[in-house]
>>> print(open('work38.pdb').read())   # PDB, C-alpha atoms
ATOM      1  CA  MET A   1      97.850  68.807 131.228
ATOM      2  CA  THR A   2      98.601  68.854 127.501
ATOM      3  CA  LEU A   3     101.891  70.292 126.186
ATOM      4  CA  SER A   4     100.168  73.360 124.763
ATOM      5  CA  GLU A   5      98.738  74.176 128.210
ATOM      6  CA  LYS A   6     102.190  74.077 129.858
ATOM      7  CA  LYS A   7     104.604  76.993 130.234
ATOM      8  CA  CYS A   8     108.309  76.845 129.449
ATOM      9  CA  ILE A   9     110.543  76.817 132.504
ATOM     10  CA  PRO A  10     114.206  77.915 132.530
ATOM     11  CA  CYS A  11     116.515  74.968 131.822
ATOM     12  CA  GLU A  12     119.463  74.161 134.035
ATOM     13  CA  VAL A  13     122.506  75.200 131.997
ATOM     14  CA  GLY A  14     124.603  72.127 131.266
ATOM     15  CA  GLY A  15     121.808  69.885 132.508
ATOM     16  CA  PRO A  16     121.075  66.670 130.628
ATOM     17  CA  PRO A  17     119.029  66.862 127.407
ATOM     18  CA  LEU A  18     115.945  64.668 127.046
ATOM     19  CA  PRO A  19     116.805  61.015 126.442
ATOM     20  CA  VAL A  20     115.877  59.841 122.929
ATOM     21  CA  GLN A  21     113.108  57.601 124.302
ATOM     22  CA  GLU A  22     111.468  60.521 126.134
ATOM     23  CA  ALA A  23     111.788  62.739 123.023
ATOM     24  CA  GLU A  24     110.107  60.008 120.955
ATOM     25  CA  ARG A  25     107.259  59.853 123.475
ATOM     26  CA  LEU A  26     106.708  63.650 123.415
ATOM     27  CA  LEU A  27     106.943  63.665 119.602
ATOM     28  CA  LYS A  28     103.640  61.739 119.544
ATOM     29  CA  GLU A  29     101.916  64.694 121.256
ATOM     30  CA  ILE A  30     102.822  67.168 118.469
ATOM     31  CA  HIS A  31     102.016  67.031 114.745
ATOM     32  CA  GLY A  32     104.222  66.749 111.667
ATOM     33  CA  TRP A  33     107.521  67.430 113.434
ATOM     34  CA  THR A  34     110.712  65.528 112.589
ATOM     35  CA  LEU A  35     113.002  64.318 115.350
ATOM     36  CA  TRP A  36     116.651  64.760 114.374
ATOM     37  CA  PRO A  37     119.233  61.976 114.842
ATOM     38  CA  ALA A  38     120.352  61.553 118.474
ATOM     39  CA  ALA A  39     117.350  63.775 119.472
ATOM     40  CA  ARG A  40     119.417  66.904 118.810
ATOM     41  CA  ALA A  41     116.440  69.001 117.608
ATOM     42  CA  ILE A  42     112.938  68.895 116.158
ATOM     43  CA  SER A  43     111.831  70.692 113.001
ATOM     44  CA  ARG A  44     108.724  71.136 110.887
ATOM     45  CA  GLU A  45     108.053  72.645 107.468
ATOM     46  CA  PHE A  46     104.896  74.679 106.852
ATOM     47  CA  LYS A  47     103.573  75.629 103.376
ATOM     48  CA  PHE A  48     101.509  78.745 102.594
ATOM     49  CA  PRO A  49      99.921  80.242  99.455
ATOM     50  CA  ASP A  50     102.166  83.341  99.428
ATOM     51  CA  PHE A  51     104.874  85.316 101.272
ATOM     52  CA  LYS A  52     102.471  87.459 103.295
ATOM     53  CA  THR A  53     100.651  84.490 104.830
ATOM     54  CA  ALA A  54     103.984  82.817 105.595
ATOM     55  CA  PHE A  55     105.236  85.986 107.305
ATOM     56  CA  ASP A  56     102.010  86.357 109.326
ATOM     57  CA  PHE A  57     102.624  82.836 110.637
ATOM     58  CA  VAL A  58     106.223  83.764 111.580
ATOM     59  CA  ALA A  59     104.831  86.758 113.504
ATOM     60  CA  LYS A  60     102.620  84.403 115.541
ATOM     61  CA  VAL A  61     105.572  82.062 116.154
ATOM     62  CA  ALA A  62     107.674  85.041 117.305
ATOM     63  CA  ALA A  63     104.940  86.073 119.773
ATOM     64  CA  ILE A  64     104.853  82.537 121.224
ATOM     65  CA  ALA A  65     108.652  82.525 121.479
ATOM     66  CA  GLU A  66     108.693  85.828 123.362
ATOM     67  CA  GLU A  67     105.834  84.743 125.645
ATOM     68  CA  GLU A  68     107.661  81.521 126.511
ATOM     69  CA  GLY A  69     111.186  82.974 126.551
ATOM     70  CA  HIS A  70     112.224  80.105 124.270
ATOM     71  CA  HIS A  71     113.210  80.923 120.698
ATOM     72  CA  PRO A  72     113.298  78.742 117.585
ATOM     73  CA  ASP A  73     115.377  79.136 114.449
ATOM     74  CA  VAL A  74     113.036  80.253 111.659
ATOM     75  CA  SER A  75     113.527  80.077 107.889
ATOM     76  CA  LEU A  76     111.080  82.175 105.867
ATOM     77  CA  SER A  77     110.780  82.198 102.104
ATOM     78  CA  TRP A  78     107.957  82.630  99.571
ATOM     79  CA  GLY A  79     105.157  80.294 100.722
ATOM     80  CA  ARG A  80     107.350  78.331 103.101
ATOM     81  CA  VAL A  81     108.394  78.453 106.763
ATOM     82  CA  GLU A  82     110.692  75.997 108.518
ATOM     83  CA  ILE A  83     110.895  75.993 112.299
ATOM     84  CA  GLU A  84     113.730  74.302 114.192
ATOM     85  CA  LEU A  85     113.679  73.903 117.962
ATOM     86  CA  SER A  86     116.410  72.816 120.354
ATOM     87  CA  THR A  87     117.715  73.942 123.731
ATOM     88  CA  HIS A  88     121.250  75.346 123.536
ATOM     89  CA  SER A  89     121.798  75.229 127.306
ATOM     90  CA  VAL A  90     121.413  71.433 127.379
ATOM     91  CA  GLN A  91     122.873  70.836 123.895
ATOM     92  CA  GLY A  92     119.823  68.899 122.816
ATOM     93  CA  LEU A  93     116.093  68.862 123.490
ATOM     94  CA  SER A  94     114.164  69.876 126.589
ATOM     95  CA  GLU A  95     110.431  69.676 127.268
ATOM     96  CA  ASN A  96     110.366  73.429 126.428
ATOM     97  CA  ASP A  97     110.950  72.597 122.761
ATOM     98  CA  PHE A  98     107.871  70.377 122.692
ATOM     99  CA  ILE A  99     105.786  72.962 124.584
ATOM    100  CA  VAL A 100     106.654  75.648 122.000
ATOM    101  CA  ALA A 101     106.043  73.149 119.139
ATOM    102  CA  ALA A 102     102.592  72.314 120.550
ATOM    103  CA  LYS A 103     101.720  76.013 120.844
ATOM    104  CA  ILE A 104     102.873  76.584 117.245
ATOM    105  CA  ASP A 105     100.694  73.655 116.107
ATOM    106  CA  ALA A 106      97.770  75.274 117.933
ATOM    107  CA  VAL A 107      97.920  78.559 115.969
ATOM    108  CA  LEU A 108      97.420  76.811 112.607
TER     109      LEU A 108
ATOM    110  CA  MET B   1     118.678 107.803  90.920
ATOM    111  CA  THR B   2     120.081 105.656  93.745
ATOM    112  CA  LEU B   3     119.110 101.986  94.074
ATOM    113  CA  SER B   4     116.975 102.677  97.139
ATOM    114  CA  GLU B   5     114.939 105.222  95.147
ATOM    115  CA  LYS B   6     114.163 102.738  92.351
ATOM    116  CA  LYS B   7     111.204 100.338  92.222
ATOM    117  CA  CYS B   8     111.417  96.653  91.340
ATOM    118  CA  ILE B   9     110.098  95.819  87.889
ATOM    119  CA  PRO B  10     108.888  92.351  86.823
ATOM    120  CA  CYS B  11     111.719  90.295  85.338
ATOM    121  CA  GLU B  12     111.410  88.532  82.004
ATOM    122  CA  VAL B  13     111.080  84.850  82.893
ATOM    123  CA  GLY B  14     114.047  82.976  81.489
ATOM    124  CA  GLY B  15     115.793  86.269  80.703
ATOM    125  CA  PRO B  16     119.522  86.566  81.328
ATOM    126  CA  PRO B  17     120.758  87.173  84.891
ATOM    127  CA  LEU B  18     123.095  90.096  85.574
ATOM    128  CA  PRO B  19     126.630  89.483  84.317
ATOM    129  CA  VAL B  20     129.171  89.089  87.143
ATOM    130  CA  GLN B  21     130.829  92.406  86.242
ATOM    131  CA  GLU B  22     127.508  94.306  86.503
ATOM    132  CA  ALA B  23     126.696  92.548  89.815
ATOM    133  CA  GLU B  24     130.124  93.580  91.154
ATOM    134  CA  ARG B  25     129.411  97.181  90.136
ATOM    135  CA  LEU B  26     125.996  97.249  91.871
ATOM    136  CA  LEU B  27     127.501  95.561  94.952
ATOM    137  CA  LYS B  28     129.477  98.761  95.575
ATOM    138  CA  GLU B  29     126.185 100.675  95.985
ATOM    139  CA  ILE B  30     124.991  98.494  98.915
ATOM    140  CA  HIS B  31     126.633  97.789 102.270
ATOM    141  CA  GLY B  32     127.989  94.603 103.840
ATOM    142  CA  TRP B  33     126.475  92.207 101.314
ATOM    143  CA  THR B  34     128.364  89.176 100.011
ATOM    144  CA  LEU B  35     128.241  88.292  96.323
ATOM    145  CA  TRP B  36     128.007  84.530  95.850
ATOM    146  CA  PRO B  37     130.217  82.664  93.360
ATOM    147  CA  ALA B  38     129.087  83.094  89.734
ATOM    148  CA  ALA B  39     126.840  85.982  90.952
ATOM    149  CA  ARG B  40     124.110  83.479  91.890
ATOM    150  CA  ALA B  41     122.846  85.496  94.897
ATOM    151  CA  ILE B  42     123.728  88.146  97.461
ATOM    152  CA  SER B  43     123.401  87.736 101.224
ATOM    153  CA  ARG B  44     124.012  89.716 104.398
ATOM    154  CA  GLU B  45     124.049  88.823 108.084
ATOM    155  CA  PHE B  46     122.604  91.255 110.652
ATOM    156  CA  LYS B  47     123.206  91.005 114.422
ATOM    157  CA  PHE B  48     120.789  92.243 117.115
ATOM    158  CA  PRO B  49     120.760  92.308 120.925
ATOM    159  CA  ASP B  50     117.803  89.900 121.250
ATOM    160  CA  PHE B  51     115.113  87.929 119.420
ATOM    161  CA  LYS B  52     112.469  90.670 119.520
ATOM    162  CA  THR B  53     114.689  93.268 117.815
ATOM    163  CA  ALA B  54     115.717  90.705 115.216
ATOM    164  CA  PHE B  55     112.066  89.864 114.518
ATOM    165  CA  ASP B  56     111.103  93.554 114.267
ATOM    166  CA  PHE B  57     113.762  93.903 111.556
ATOM    167  CA  VAL B  58     112.337  90.874 109.707
ATOM    168  CA  ALA B  59     108.904  92.555 109.827
ATOM    169  CA  LYS B  60     110.375  95.628 108.107
ATOM    170  CA  VAL B  61     112.106  93.426 105.507
ATOM    171  CA  ALA B  62     108.793  91.621 104.864
ATOM    172  CA  ALA B  63     107.024  94.954 104.308
ATOM    173  CA  ILE B  64     109.684  95.999 101.756
ATOM    174  CA  ALA B  65     109.377  92.616 100.026
ATOM    175  CA  GLU B  66     105.590  92.954  99.721
ATOM    176  CA  GLU B  67     105.847  96.575  98.549
ATOM    177  CA  GLU B  68     108.352  95.596  95.848
ATOM    178  CA  GLY B  69     106.811  92.227  94.969
ATOM    179  CA  HIS B  70     110.282  90.708  95.342
ATOM    180  CA  HIS B  71     110.891  88.328  98.248
ATOM    181  CA  PRO B  72     114.126  87.284  99.947
ATOM    182  CA  ASP B  73     114.887  84.121 101.877
ATOM    183  CA  VAL B  74     115.123  85.057 105.562
ATOM    184  CA  SER B  75     116.755  83.160 108.438
ATOM    185  CA  LEU B  76     115.790  84.389 111.901
ATOM    186  CA  SER B  77     117.285  83.202 115.166
ATOM    187  CA  TRP B  78     118.065  84.748 118.553
ATOM    188  CA  GLY B  79     119.908  88.020 117.809
ATOM    189  CA  ARG B  80     120.633  87.154 114.185
ATOM    190  CA  VAL B  81     118.995  87.599 110.784
ATOM    191  CA  GLU B  82     120.400  86.455 107.467
ATOM    192  CA  ILE B  83     118.882  87.740 104.231
ATOM    193  CA  GLU B  84     119.515  86.066 100.878
ATOM    194  CA  LEU B  85     118.379  87.623  97.607
ATOM    195  CA  SER B  86     118.257  86.164  94.114
ATOM    196  CA  THR B  87     115.797  86.161  91.215
ATOM    197  CA  HIS B  88     114.391  82.704  90.498
ATOM    198  CA  SER B  89     112.957  83.680  87.097
ATOM    199  CA  VAL B  90     116.432  84.470  85.732
ATOM    200  CA  GLN B  91     118.288  81.859  87.815
ATOM    201  CA  GLY B  92     120.665  84.436  89.182
ATOM    202  CA  LEU B  93     120.652  88.105  90.087
ATOM    203  CA  SER B  94     118.597  90.978  88.678
ATOM    204  CA  GLU B  95     118.730  94.669  89.531
ATOM    205  CA  ASN B  96     115.622  93.995  91.709
ATOM    206  CA  ASP B  97     117.825  92.118  94.205
ATOM    207  CA  PHE B  98     120.064  95.169  94.617
ATOM    208  CA  ILE B  99     117.062  97.506  94.882
ATOM    209  CA  VAL B 100     115.589  95.418  97.728
ATOM    210  CA  ALA B 101     119.040  95.141  99.370
ATOM    211  CA  ALA B 102     119.458  98.943  99.269
ATOM    212  CA  LYS B 103     115.999  99.449 100.801
ATOM    213  CA  ILE B 104     116.837  96.929 103.558
ATOM    214  CA  ASP B 105     120.116  98.816 104.235
ATOM    215  CA  ALA B 106     118.072 102.009 104.497
ATOM    216  CA  VAL B 107     115.849 100.753 107.356
ATOM    217  CA  LEU B 108     118.824 100.105 109.654
TER     218      LEU B 108
END
>>> encode(input="work38.pdb", output="C-alpha cells")
Amino acid sequence: MTLSEKKCIPCEVGGPPLPVQEAERLLKEIHGWTLWPAARAISREFKFPDFKTAFDFVAKVAAIAEEEGHHPDVSLSWGRVEIELSTHSVQGLSENDFIVAAKIDAVL
Amino acid sequence: MTLSEKKCIPCEVGGPPLPVQEAERLLKEIHGWTLWPAARAISREFKFPDFKTAFDFVAKVAAIAEEEGHHPDVSLSWGRVEIELSTHSVQGLSENDFIVAAKIDAVL
C-alpha cells in the first residue's frame, strides 16, 4: 500500500519518534519535501500564480488534515504556501506526517 | 468614515510608507494588533478551539484580502492564526493595512 492510500492512526503520546533512517526511507516516497535536522519535521514550499490559487490549495490541505485528524502548520502569502509537518505527541516525526504529505502531493 | 468602511486604494510604488506617528494613531482604531519596530508591519494572533475553526477564519480573511486586493501573510496551525500586514510597494505600512486589519477585526 502506498503512503497516500494509508490512513493516519492515533500516535502513542510520548512514544518514540521515527528514527532518522526510517524518516529518510519514507522521504523517498514523497516529493520535494525537506527533512529537518535530527528528523524533527518535514516541510515543503509550494508556489502559485496568485493569492487565490494559493488559498484554494490551503483549503484542500485543511480538508486532508481534518479527514486524517493530523494537522500541519501552514504559512500562506501571495503566491506561496509552506507546509510543515511533525507529530507533537512524539516530539518528532511519525508515519502520519508522511501519509499527510503524500496526500498533499496527490492534490497538486 | 471608520477604517472598516473604507476601501483599499492602490499604493504608489516606491511612495513613502506611513510615518510612525500616523501608524500609531491608526493603531488605536484597530484591536489587539502589534505595531512592529519602525512601523514596518502590524500583526495579530488569534486563538481558536480547534483547527477547523481556525481555518474557517483564514477563509474569511482570504475573502477580505481578495475583495480589497491587499493580501496579508497568514500562519495557520491547530487553534491558532497569526496575520501579518504590510505594504511591499512602500516597504512599510500604508492605510490599506489598517483598513484590512479593521475588516478582519469586524468578522470576529
>>> residues_near_point(input="work38.pdb", point="(116.8, 96.6, 102.7)", cutoff="8 Å", atoms="all atoms listed in the file", output="CSV table (one decimal) with C-alpha atoms, in the frame of the given file")
chain,number,residue,atom,x,y,z
B,61,VAL,CA,112.1,93.4,105.5
B,64,ILE,CA,109.7,96.0,101.8
B,99,ILE,CA,117.1,97.5,94.9
B,100,VAL,CA,115.6,95.4,97.7
B,101,ALA,CA,119.0,95.1,99.4
B,102,ALA,CA,119.5,98.9,99.3
B,103,LYS,CA,116.0,99.4,100.8
B,104,ILE,CA,116.8,96.9,103.6
B,105,ASP,CA,120.1,98.8,104.2
B,106,ALA,CA,118.1,102.0,104.5
B,107,VAL,CA,115.8,100.8,107.4
>>> resolve_selection(input="work38.pdb", expression="the ChimeraX specification (/A :<7) & /B", output="list of chain:residue names")
B:His71, B:Pro72, B:Asp73, B:Val74, B:Ser75, B:Leu76, B:Ser77, B:Trp78
>>> resolve_selection(input="work38.pdb", expression="the PyMOL selection byres ((chain B and resi 14) around 10)", output="mmCIF file with C-alpha atoms, in the frame of the given file")
data_model
loop_
_atom_site.group_PDB
_atom_site.id
_atom_site.type_symbol
_atom_site.label_atom_id
_atom_site.label_comp_id
_atom_site.auth_asym_id
_atom_site.auth_seq_id
_atom_site.Cartn_x
_atom_site.Cartn_y
_atom_site.Cartn_z
ATOM 1 C CA CYS B 11 111.719 90.295 85.338
ATOM 2 C CA GLU B 12 111.410 88.532 82.004
ATOM 3 C CA VAL B 13 111.080 84.850 82.893
ATOM 4 C CA GLY B 15 115.793 86.269 80.703
ATOM 5 C CA PRO B 16 119.522 86.566 81.328
ATOM 6 C CA PRO B 17 120.758 87.173 84.891
ATOM 7 C CA HIS B 88 114.391 82.704 90.498
ATOM 8 C CA SER B 89 112.957 83.680 87.097
ATOM 9 C CA VAL B 90 116.432 84.470 85.732
ATOM 10 C CA GLN B 91 118.288 81.859 87.815
#
>>> atom_distance(input="work38.pdb", atom1="atom CA of B:Gly79", atom2="atom CA of B:Thr53")
7.4 Å
>>> atom_distance(input="work38.pdb", atom1="atom CA of B:Ala39", atom2="atom CA of B:Ala23")
6.7 Å
>>> residues_near_point(input="work38.pdb", point="(124.4, 93.4, 87.1)", cutoff="10 Å", atoms="only C-alpha atoms", output="count of residues only")
19
>>> axis_aligned_box(input="work38.pdb", around="stretch 85-94 of chain A", padding_each_side="8 Å", output="lines of an AutoDock Vina configuration file")
center_x = 118.3
center_y = 72.1
center_z = 122.7
size_x = 25.2
size_y = 22.5
size_z = 25.4
>>> atom_distance(input="work38.pdb", atom1="atom CA of A:Leu108", atom2="atom CA of A:Ile9")
23.8 Å
>>> resolve_selection(input="work38.pdb", expression="the PyMOL selection byres ((chain A and resi 33) around 6)", output="compact mmCIF listing (two decimals) with C-alpha atoms, in the frame of the given file")
# COMPACT_ATOMS: atom_id res chain seq x y z
CA HIS A 31 102.02 67.03 114.74
CA GLY A 32 104.22 66.75 111.67
CA THR A 34 110.71 65.53 112.59
CA SER A 43 111.83 70.69 113.00
CA ARG A 44 108.72 71.14 110.89
